[in-house]
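Student: Below is a structure I'd like to ask you about.
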Amino acid sequence: MPAHSMTAAAAAGASLLIIYLAIRRRRRLSSSFLPTQSFGAKHEGLLRDARLDKLLVITDFDATLTTGDSTQCHDLVGFSDLLAAQFREGFAPLLDWQTNPLTDGVQWWDTAHALMVKYGQPPRSLIPRMVRQSSMVPRPGALKLLHRLALLNVPVLIVSAGLSDVIEEFLRQHDALTENITVCSNRLNYGADLAPQSVAPDPPITSFTKASAYRAAGSFFKHHAARRSLLVLGDSITDIDAATEVPYDHLISVGFPNSRGPEATAKYAESYDALVLGDHGSLAAVDELVDDVMAAELSASEHITRLSKLKRQPSTGAFGVDRQ
């Protein structure tokens with residue numbers, strides 16, 4: 001095929017892809033996606049500098065990548081009838097979210113992890129079965145988004161107050177534990193008897209200490225220092241803190257209020273640039289934000305290609321005579 005024909009075909013293909021991505025963007029308007037007041041300006045800024053090789057995703061796990069009504073990591077451990085009865089009895093008060101004062105502070109994680117080490121629960125060999133039998137469900141669109149980010153080589157940092165061992169097993173069982181994903185959470189350190197001997201880091205990563213992610217995942221951020229366009233996802237107001245110390249040029253945050261009432265949702269709208277509503281609200285809108293970056297990058301590339309072609313063409317005079 002002649003070079004000019006190949007160029008034309010490539011340009012046509014890029015144009016078709018841009019149209020397809022634009023159609024997908026329109027569909028987002030009828031979804032559970034709710035842009036807040038800050039979204040428009042931040043979105044425009046992101047697209048002006050759009051490049052996939054600058055993009056980085058920081059996300060929570062429980063009730064963000066999973067549905068809002070899914071079993072969460074520590075609940076999975078505390079409620080599992082596969083674990084020792086004595087351990088479950090000791091852990092049960094921590095799951096009493098109405099009356100236990102420990103549920104409102106960092107001490108909760110210290111107590112929970114101390115109980116795991118004391119009773120040697122959960123054994124490493126049981127974690128796959130616990131996850132498989134749990135009510136932990138991927139949020140609609142989550143697996144598609146993760147697979148796509150893997151194909152595009154976009155790094156994903158999961159910052160969670162849960163348990164790395166559970167998160168990684170969940171992703172593994174859904175064929176989503178890819179090389180671009182790093183989990184920054186509380187990890188059980190197992191001994192030769194397959195019982196947890198300690199939990200790292202100490203102090204733990206909690207809902208109140210997400211800002212420590214920049215230090216806890218220092219090697220990740222150092223390796224990806226050139227990626228300064230951030231998408232930050234979370235279901236708690238404090239989940240956005242995971243990006244507090246991260247240097248960036250552009251940041252769009254997406255919050256998941258889940259089944260919290262209108263008053264809580266209003267507070268989320270003050271903290272996040274966009275919201276995904278409902279326990280089963282889809283991550284498709286976040287996937288389409290990636291589309292936006294792709295479309296803007298393709299459009300810019302196509303524009304540069306056209307300018308380059310014009311510069312290569314000989315200039316002519318008023319009567320079509322070549323001046324060169």
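Just remember, in the structure tokens the first chain shown is A, the second B, etc., residues are 1-based per chain, and ligands are 1-based in the order shown.
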Residues of segment 136-201 of chain A that approach segment 293-300 of chain A to 12 Å or less, counting only C-alpha atoms: could you list each one with the shortest pair of atoms and its distance in Å to one decimal, rows by chain and increasing residue number, as JSON lines?
Tutor:
{"residue": "A:Leu149", "atom": "CA", "partner": "A:Met294", "partner_atom": "CA", "distance": 11.8}
{"residue": "A:Leu152", "atom": "CA", "partner": "A:Met294", "partner_atom": "CA", "distance": 10.0}
{"residue": "A:Val154", "atom": "CA", "partner": "A:Val293", "partner_atom": "CA", "distance": 11.9}
Student: Write the selection just made, keeping N, CA, C and O atoms, as a CSV table (one decimal), in the first residue's frame?
Tutor:
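Everything below was put into result_36.csv:
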chain,number,residue,atom,x,y,z
A,149,LEU,N,-7.1,-0.8,32.0
A,149,LEU,CA,-5.9,-0.1,32.5
A,149,LEU,C,-4.6,-1.0,32.4
A,149,LEU,O,-3.6,-0.5,32.1
A,152,LEU,N,-3.5,-0.9,28.8
A,152,LEU,CA,-3.0,0.5,28.5
A,152,LEU,C,-1.7,0.8,29.3
A,152,LEU,O,-1.2,1.9,29.2
A,154,VAL,N,-1.4,1.5,32.4
A,154,VAL,CA,-1.7,2.6,33.4
A,154,VAL,C,-1.5,2.0,34.8
A,154,VAL,O,-2.2,1.1,35.2
Student: Please provide as a PDB file with all heavy atoms, in the first residue's frame all residues within 9 Å of Gly162 of chain A, with the sequence filter that same-chain residues fewer than 4 positions apart are discarded (counting only C-alpha atoms).
Tutor:
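Saved as selection_31.pdb:
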ATOM      1  N   PHE A  61     -10.418   0.106  47.868  1.00  0.00           N
ATOM      2  CA  PHE A  61     -10.895  -1.217  47.449  1.00  0.00           C
ATOM      3  C   PHE A  61     -12.319  -1.477  47.921  1.00  0.00           C
ATOM      4  O   PHE A  61     -13.256  -1.495  47.117  1.00  0.00           O
ATOM      5  CB  PHE A  61      -9.969  -2.320  47.959  1.00  0.00           C
ATOM      6  CG  PHE A  61     -10.448  -3.702  47.604  1.00  0.00           C
ATOM      7  CD1 PHE A  61     -10.337  -4.174  46.312  1.00  0.00           C
ATOM      8  CD2 PHE A  61     -11.037  -4.522  48.569  1.00  0.00           C
ATOM      9  CE1 PHE A  61     -10.801  -5.442  45.971  1.00  0.00           C
ATOM     10  CE2 PHE A  61     -11.502  -5.778  48.243  1.00  0.00           C
ATOM     11  CZ  PHE A  61     -11.385  -6.245  46.937  1.00  0.00           C
ATOM     12  N   ASP A  62     -12.514  -1.679  49.226  1.00  0.00           N
ATOM     13  CA  ASP A  62     -13.834  -2.014  49.759  1.00  0.00           C
ATOM     14  C   ASP A  62     -14.862  -0.940  49.419  1.00  0.00           C
ATOM     15  O   ASP A  62     -14.651   0.255  49.668  1.00  0.00           O
ATOM     16  CB  ASP A  62     -13.779  -2.170  51.288  1.00  0.00           C
ATOM     17  CG  ASP A  62     -13.118  -3.468  51.720  1.00  0.00           C
ATOM     18  OD1 ASP A  62     -13.372  -4.513  51.089  1.00  0.00           O
ATOM     19  OD2 ASP A  62     -12.356  -3.444  52.707  1.00  0.00           O
ATOM     20  N   GLN A  72     -16.762  -6.561  53.475  1.00  0.00           N
ATOM     21  CA  GLN A  72     -15.465  -5.898  53.435  1.00  0.00           C
ATOM     22  C   GLN A  72     -14.391  -6.795  54.055  1.00  0.00           C
ATOM     23  O   GLN A  72     -14.694  -7.805  54.677  1.00  0.00           O
ATOM     24  CB  GLN A  72     -15.556  -4.546  54.132  1.00  0.00           C
ATOM     25  CG  GLN A  72     -16.587  -3.644  53.462  1.00  0.00           C
ATOM     26  CD  GLN A  72     -16.469  -2.194  53.862  1.00  0.00           C
ATOM     27  OE1 GLN A  72     -15.460  -1.751  54.405  1.00  0.00           O
ATOM     28  NE2 GLN A  72     -17.500  -1.414  53.573  1.00  0.00           N
ATOM     29  N   CYS A  73     -13.133  -6.411  53.839  1.00  0.00           N
ATOM     30  CA  CYS A  73     -12.007  -7.300  54.174  1.00  0.00           C
ATOM     31  C   CYS A  73     -12.034  -7.803  55.619  1.00  0.00           C
ATOM     32  O   CYS A  73     -11.970  -9.018  55.864  1.00  0.00           O
ATOM     33  CB  CYS A  73     -10.689  -6.574  53.917  1.00  0.00           C
ATOM     34  SG  CYS A  73     -10.302  -6.335  52.175  1.00  0.00           S
ATOM     35  N   HIS A  74     -12.094  -6.901  56.576  1.00  0.00           N
ATOM     36  CA  HIS A  74     -12.059  -7.326  57.978  1.00  0.00           C
ATOM     37  C   HIS A  74     -13.345  -8.054  58.383  1.00  0.00           C
ATOM     38  O   HIS A  74     -13.310  -8.972  59.211  1.00  0.00           O
ATOM     39  CB  HIS A  74     -11.803  -6.129  58.898  1.00  0.00           C
ATOM     40  CG  HIS A  74     -10.393  -5.632  58.872  1.00  0.00           C
ATOM     41  ND1 HIS A  74      -9.946  -4.684  57.991  1.00  0.00           N
ATOM     42  CD2 HIS A  74      -9.313  -5.981  59.639  1.00  0.00           C
ATOM     43  CE1 HIS A  74      -8.658  -4.450  58.197  1.00  0.00           C
ATOM     44  NE2 HIS A  74      -8.246  -5.215  59.198  1.00  0.00           N
ATOM     45  N   VAL A 166      -6.358 -10.456  51.337  1.00  0.00           N
ATOM     46  CA  VAL A 166      -7.724 -10.652  50.853  1.00  0.00           C
ATOM     47  C   VAL A 166      -7.915  -9.949  49.509  1.00  0.00           C
ATOM     48  O   VAL A 166      -8.488 -10.511  48.571  1.00  0.00           O
ATOM     49  CB  VAL A 166      -8.738 -10.139  51.888  1.00  0.00           C
ATOM     50  CG1 VAL A 166     -10.151 -10.145  51.319  1.00  0.00           C
ATOM     51  CG2 VAL A 166      -8.671 -10.982  53.154  1.00  0.00           C
ATOM     52  N   ILE A 167      -7.430  -8.716  49.402  1.00  0.00           N
ATOM     53  CA  ILE A 167      -7.580  -7.948  48.168  1.00  0.00           C
ATOM     54  C   ILE A 167      -6.909  -8.661  46.997  1.00  0.00           C
ATOM     55  O   ILE A 167      -7.500  -8.821  45.918  1.00  0.00           O
ATOM     56  CB  ILE A 167      -6.979  -6.541  48.341  1.00  0.00           C
ATOM     57  CG1 ILE A 167      -7.791  -5.763  49.378  1.00  0.00           C
ATOM     58  CG2 ILE A 167      -6.935  -5.793  47.014  1.00  0.00           C
ATOM     59  CD1 ILE A 167      -7.127  -4.480  49.841  1.00  0.00           C
ATOM     60  N   SER A 185      -1.764  -1.822  51.556  1.00  0.00           N
ATOM     61  CA  SER A 185      -2.759  -2.117  52.582  1.00  0.00           C
ATOM     62  C   SER A 185      -2.065  -2.833  53.738  1.00  0.00           C
ATOM     63  O   SER A 185      -0.830  -2.868  53.814  1.00  0.00           O
ATOM     64  CB  SER A 185      -3.883  -2.970  51.987  1.00  0.00           C
ATOM     65  OG  SER A 185      -4.931  -3.155  52.914  1.00  0.00           O
ATOM     66  N   ASN A 186      -2.859  -3.410  54.635  1.00  0.00           N
ATOM     67  CA  ASN A 186      -2.315  -4.116  55.795  1.00  0.00           C
ATOM     68  C   ASN A 186      -2.062  -5.573  55.418  1.00  0.00           C
ATOM     69  O   ASN A 186      -2.990  -6.285  55.044  1.00  0.00           O
ATOM     70  CB  ASN A 186      -3.301  -4.019  56.964  1.00  0.00           C
ATOM     71  CG  ASN A 186      -3.580  -2.571  57.321  1.00  0.00           C
ATOM     72  OD1 ASN A 186      -2.710  -1.844  57.754  1.00  0.00           O
ATOM     73  ND2 ASN A 186      -4.828  -2.133  57.104  1.00  0.00           N
ATOM     74  N   ARG A 187      -0.804  -5.985  55.524  1.00  0.00           N
ATOM     75  CA  ARG A 187      -0.419  -7.321  55.061  1.00  0.00           C
ATOM     76  C   ARG A 187      -0.103  -8.238  56.240  1.00  0.00           C
ATOM     77  O   ARG A 187       0.637  -7.871  57.160  1.00  0.00           O
ATOM     78  CB  ARG A 187       0.804  -7.230  54.144  1.00  0.00           C
ATOM     79  CG  ARG A 187       1.172  -8.556  53.476  1.00  0.00           C
ATOM     80  CD  ARG A 187       2.263  -8.367  52.449  1.00  0.00           C
ATOM     81  NE  ARG A 187       1.850  -7.500  51.360  1.00  0.00           N
ATOM     82  CZ  ARG A 187       1.111  -7.901  50.313  1.00  0.00           C
ATOM     83  NH1 ARG A 187       0.715  -9.170  50.242  1.00  0.00           N
ATOM     84  NH2 ARG A 187       0.789  -7.050  49.362  1.00  0.00           N
ATOM     85  N   ILE A 205      -2.481   0.960  58.096  1.00  0.00           N
ATOM     86  CA  ILE A 205      -3.197   1.856  57.196  1.00  0.00           C
ATOM     87  C   ILE A 205      -4.674   1.775  57.562  1.00  0.00           C
ATOM     88  O   ILE A 205      -5.261   0.695  57.580  1.00  0.00           O
ATOM     89  CB  ILE A 205      -2.973   1.460  55.729  1.00  0.00           C
ATOM     90  CG1 ILE A 205      -1.492   1.639  55.367  1.00  0.00           C
ATOM     91  CG2 ILE A 205      -3.858   2.285  54.798  1.00  0.00           C
ATOM     92  CD1 ILE A 205      -1.123   1.146  54.004  1.00  0.00           C
ATOM     93  N   THR A 206      -5.265   2.910  57.883  1.00  0.00           N
ATOM     94  CA  THR A 206      -6.647   2.965  58.327  1.00  0.00           C
ATOM     95  C   THR A 206      -7.416   3.986  57.488  1.00  0.00           C
ATOM     96  O   THR A 206      -6.828   4.709  56.664  1.00  0.00           O
ATOM     97  CB  THR A 206      -6.738   3.373  59.810  1.00  0.00           C
ATOM     98  OG1 THR A 206      -6.506   4.782  59.917  1.00  0.00           O
ATOM     99  CG2 THR A 206      -5.712   2.625  60.657  1.00  0.00           C
TER     100      THR A 206
END
Student: So that I can check the surroundings of Pro196 of chain A, please list as a PyMOL selection string every protein, DNA and RNA residue that reaches within 8 Å of it, counting only C-alpha atoms and ignoring chain neighbours fewer than 6 positions away.
Tutor: chain A and resi 116-117+120-124+188-190
Student: DSSP on the backbone: which residues in segment 31-85 of chain A end up as helix (DSSP H, G or I)? Give the answer as a count of residues only.
Tutor: 21
Student: Neighbours of segment 46-52 of chain A within 12 Å (only C-alpha atoms; same-chain residues fewer than 4 positions away dropped), as a PDB file with C-alpha atoms, in the first residue's frame?
Tutor:
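Wrote part-v1.pdb, looks like this:
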ATOM      1  CA  PHE A  39     -15.540  18.692  37.571  1.00  0.00           C
ATOM      2  CA  GLY A  40     -15.821  20.786  34.408  1.00  0.00           C
ATOM      3  CA  ALA A  41     -12.706  22.916  34.860  1.00  0.00           C
ATOM      4  CA  LYS A  42     -10.604  19.990  36.082  1.00  0.00           C
ATOM      5  CA  LEU A  56      -2.047   7.145  37.213  1.00  0.00           C
ATOM      6  CA  VAL A  57      -4.982   5.721  39.195  1.00  0.00           C
ATOM      7  CA  ARG A 148      -8.360  -1.964  30.322  1.00  0.00           C
ATOM      8  CA  LEU A 149      -5.903  -0.113  32.528  1.00  0.00           C
ATOM      9  CA  ALA A 150      -3.668  -3.192  32.392  1.00  0.00           C
ATOM     10  CA  LEU A 151      -3.803  -3.255  28.576  1.00  0.00           C
ATOM     11  CA  LEU A 152      -2.958   0.462  28.471  1.00  0.00           C
ATOM     12  CA  ASN A 153      -0.116   0.041  31.004  1.00  0.00           C
ATOM     13  CA  VAL A 154      -1.665   2.583  33.368  1.00  0.00           C
ATOM     14  CA  PRO A 155      -0.372   2.006  36.935  1.00  0.00           C
ATOM     15  CA  ALA A 226       6.522  11.289  35.580  1.00  0.00           C
ATOM     16  CA  ARG A 227       2.844  10.369  35.819  1.00  0.00           C
ATOM     17  CA  ARG A 228       1.243  13.539  37.118  1.00  0.00           C
ATOM     18  CA  SER A 229      -2.376  13.159  35.947  1.00  0.00           C
ATOM     19  CA  LEU A 230      -4.293  11.390  38.718  1.00  0.00           C
ATOM     20  CA  LEU A 231      -7.669   9.687  38.930  1.00  0.00           C
ATOM     21  CA  TYR A 248       0.461  16.178  40.369  1.00  0.00           C
ATOM     22  CA  ASP A 249      -0.512  18.505  37.538  1.00  0.00           C
ATOM     23  CA  HIS A 250      -4.100  17.310  37.196  1.00  0.00           C
ATOM     24  CA  LEU A 251      -6.345  15.415  39.602  1.00  0.00           C
ATOM     25  CA  ILE A 252      -9.940  14.268  39.206  1.00  0.00           C
ATOM     26  CA  LEU A 289     -12.710   9.286  31.606  1.00  0.00           C
ATOM     27  CA  VAL A 290      -9.892   7.113  30.274  1.00  0.00           C
ATOM     28  CA  ASP A 291     -11.676   7.306  26.891  1.00  0.00           C
ATOM     29  CA  ASP A 292     -11.572  11.080  27.164  1.00  0.00           C
ATOM     30  CA  VAL A 293      -7.811  11.040  27.634  1.00  0.00           C
ATOM     31  CA  MET A 294      -7.391   8.644  24.700  1.00  0.00           C
ATOM     32  CA  ALA A 295      -9.629  10.736  22.431  1.00  0.00           C
ATOM     33  CA  ALA A 296      -7.872  13.989  23.325  1.00  0.00           C
ATOM     34  CA  GLU A 297      -4.460  12.404  22.790  1.00  0.00           C
ATOM     35  CA  LEU A 298      -5.526  10.942  19.427  1.00  0.00           C
ATOM     36  CA  SER A 299      -7.053  14.251  18.360  1.00  0.00           C
ATOM     37  CA  ALA A 300      -3.868  16.128  19.254  1.00  0.00           C
ATOM     38  CA  SER A 301      -1.760  13.522  17.452  1.00  0.00           C
TER      39      SER A 301
END
Student: Can you tell me how far atom CA of Leu115 of chain A sits from atom CA of Pro93 of chain A, in Å to one decimal?
Tutor: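 According to the coordinates, atom CA of Leu115 of chain A and atom CA of Pro93 of chain A are separated by 11.7 Å.
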Student: Give me, please, the distance in Å between atom CA of Glu44 of chain A and atom CA of Val286 of chain A, quoted to one decimal.
Tutor: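 We find that atom CA of Glu44 of chain A and atom CA of Val286 of chain A lie 15.4 Å from each other.
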Student: Which one of A:Leu277, A:Tyr268, A:Asp53, A:Thr64 sits closest to Ala142 of chain A if you count only C-alpha atoms?
Tutor: A:Thr64
Student: Using only C-alpha atoms, which of the listed residues (A:Trp108, A:Phe221, A:Phe170, A:Trp97) sits closest to Val156 of chain A?
Tutor: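 Nearest candidate to Val156 of chain A out of A:Trp108, A:Phe221, A:Phe170, A:Trp97: A:Phe221.
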Student: Please, which residues of segment 131-311 of chain A, numbered as in this document, come out strand (DSSP E or B) from DSSP, as an NGL selection string?
Tutor: :A and (138 or 156-163 or 181-190 or 196-200 or 229-234 or 250-258 or 274-277)
Student: Dump N, CA and C atoms for the selected residues as a compact mmCIF listing (two decimals), in the first residue's frame?
Tutor:
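Dumped to out23.txt:
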# COMPACT_ATOMS: atom_id res chain seq x y z
N PRO A 138 -17.55 -7.72 42.71
CA PRO A 138 -17.00 -6.58 41.98
C PRO A 138 -18.09 -5.57 41.64
N VAL A 156 -1.90 1.30 38.67
CA VAL A 156 -3.00 1.41 39.61
C VAL A 156 -2.46 1.12 41.02
N LEU A 157 -2.68 2.06 41.93
CA LEU A 157 -2.32 1.84 43.33
C LEU A 157 -3.61 1.70 44.14
N ILE A 158 -3.81 0.54 44.74
CA ILE A 158 -4.96 0.32 45.61
C ILE A 158 -4.53 0.65 47.04
N VAL A 159 -5.09 1.71 47.60
CA VAL A 159 -4.79 2.12 48.97
C VAL A 159 -5.99 1.76 49.83
N SER A 160 -5.82 0.78 50.70
CA SER A 160 -6.97 0.24 51.43
C SER A 160 -6.66 0.07 52.90
N ALA A 161 -7.67 0.32 53.74
CA ALA A 161 -7.57 0.05 55.17
C ALA A 161 -7.92 -1.41 55.46
N GLY A 162 -8.11 -2.20 54.42
CA GLY A 162 -8.44 -3.61 54.57
C GLY A 162 -7.20 -4.48 54.72
N LEU A 163 -7.16 -5.59 54.00
CA LEU A 163 -6.08 -6.57 54.12
C LEU A 163 -5.55 -6.92 52.72
N ILE A 181 -0.79 -3.36 38.84
CA ILE A 181 -1.48 -3.10 40.10
C ILE A 181 -0.54 -3.30 41.29
N THR A 182 -0.53 -2.32 42.18
CA THR A 182 0.20 -2.41 43.44
C THR A 182 -0.81 -2.21 44.57
N VAL A 183 -0.75 -3.06 45.59
CA VAL A 183 -1.67 -2.97 46.72
C VAL A 183 -0.92 -2.40 47.92
N CYS A 184 -1.42 -1.30 48.44
CA CYS A 184 -0.87 -0.66 49.64
C CYS A 184 -1.92 -0.80 50.73
N SER A 185 -1.76 -1.82 51.56
CA SER A 185 -2.76 -2.12 52.58
C SER A 185 -2.06 -2.83 53.74
N ASN A 186 -2.86 -3.41 54.64
CA ASN A 186 -2.31 -4.12 55.80
C ASN A 186 -2.06 -5.57 55.42
N ARG A 187 -0.80 -5.98 55.52
CA ARG A 187 -0.42 -7.32 55.06
C ARG A 187 -0.10 -8.24 56.24
N LEU A 188 -0.67 -9.44 56.18
CA LEU A 188 -0.40 -10.45 57.19
C LEU A 188 0.95 -11.11 56.89
N ASN A 189 1.83 -11.10 57.87
CA ASN A 189 3.13 -11.75 57.72
C ASN A 189 3.04 -13.15 58.34
N TYR A 190 3.15 -14.16 57.50
CA TYR A 190 2.92 -15.53 57.93
C TYR A 190 4.21 -16.23 58.35
N PRO A 196 -0.61 -16.10 60.88
CA PRO A 196 -0.02 -14.76 60.88
C PRO A 196 0.77 -14.49 62.16
N GLN A 197 1.99 -13.98 61.98
CA GLN A 197 2.87 -13.66 63.11
C GLN A 197 2.87 -12.16 63.42
N SER A 198 2.54 -11.35 62.43
CA SER A 198 2.48 -9.90 62.61
C SER A 198 1.70 -9.32 61.44
N VAL A 199 1.42 -8.03 61.54
CA VAL A 199 0.73 -7.32 60.47
C VAL A 199 1.54 -6.06 60.16
N ALA A 200 1.79 -5.82 58.89
CA ALA A 200 2.55 -4.64 58.47
C ALA A 200 1.69 -3.80 57.52
N SER A 229 -0.93 13.00 36.14
CA SER A 229 -2.38 13.16 35.95
C SER A 229 -3.05 12.04 36.72
N LEU A 230 -3.78 12.38 37.79
CA LEU A 230 -4.29 11.39 38.72
C LEU A 230 -5.81 11.25 38.63
N LEU A 231 -6.27 10.00 38.66
CA LEU A 231 -7.67 9.69 38.93
C LEU A 231 -7.70 9.04 40.31
N VAL A 232 -8.48 9.61 41.23
CA VAL A 232 -8.53 9.13 42.61
C VAL A 232 -9.96 8.70 42.93
N LEU A 233 -10.12 7.44 43.39
CA LEU A 233 -11.45 6.87 43.63
C LEU A 233 -11.57 6.43 45.08
N GLY A 234 -12.75 6.66 45.69
CA GLY A 234 -12.93 6.20 47.06
C GLY A 234 -14.36 6.32 47.53
N HIS A 250 -2.65 17.39 37.33
CA HIS A 250 -4.10 17.31 37.20
C HIS A 250 -4.61 16.20 38.11
N LEU A 251 -5.75 16.43 38.73
CA LEU A 251 -6.34 15.41 39.60
C LEU A 251 -7.87 15.50 39.49
N ILE A 252 -8.48 14.38 39.17
CA ILE A 252 -9.94 14.27 39.21
C ILE A 252 -10.29 13.17 40.20
N SER A 253 -11.13 13.51 41.17
CA SER A 253 -11.53 12.55 42.20
C SER A 253 -12.98 12.13 41.99
N VAL A 254 -13.25 10.84 42.19
CA VAL A 254 -14.60 10.29 42.03
C VAL A 254 -14.98 9.59 43.32
N GLY A 255 -16.07 10.04 43.95
CA GLY A 255 -16.52 9.48 45.22
C GLY A 255 -17.71 8.55 45.05
N PHE A 256 -17.83 7.59 45.96
CA PHE A 256 -18.90 6.59 45.93
C PHE A 256 -19.66 6.63 47.25
N PRO A 257 -20.70 7.46 47.36
CA PRO A 257 -21.44 7.53 48.62
C PRO A 257 -22.23 6.27 48.92
N ASN A 258 -22.42 5.42 47.91
CA ASN A 258 -23.18 4.17 48.07
C ASN A 258 -24.58 4.45 48.60
N ALA A 274 -16.61 14.36 41.25
CA ALA A 274 -17.76 13.67 40.65
C ALA A 274 -18.16 12.54 41.59
N LEU A 275 -19.40 12.11 41.48
CA LEU A 275 -19.90 11.02 42.31
C LEU A 275 -20.47 9.92 41.42
N VAL A 276 -20.37 8.68 41.92
CA VAL A 276 -21.10 7.55 41.34
C VAL A 276 -22.11 7.12 42.39
N LEU A 277 -23.38 7.20 42.05
CA LEU A 277 -24.44 7.03 43.03
C LEU A 277 -24.91 5.57 43.12
Student: I want to know what sits within 9 Å of Met130 of chain A, based on only C-alpha atoms, with residues of the same chain fewer than 2 positions away left out; could you give that as a PyMOL selection string?
Tutor: chain A and resi 76-77+80+82+126-128+132-134+166
Student: A:Pro140, A:Asp287, A:Val131, A:His223: which is nearest Asp165 of chain A, counting only C-alpha atoms?
Tutor: A:Val131
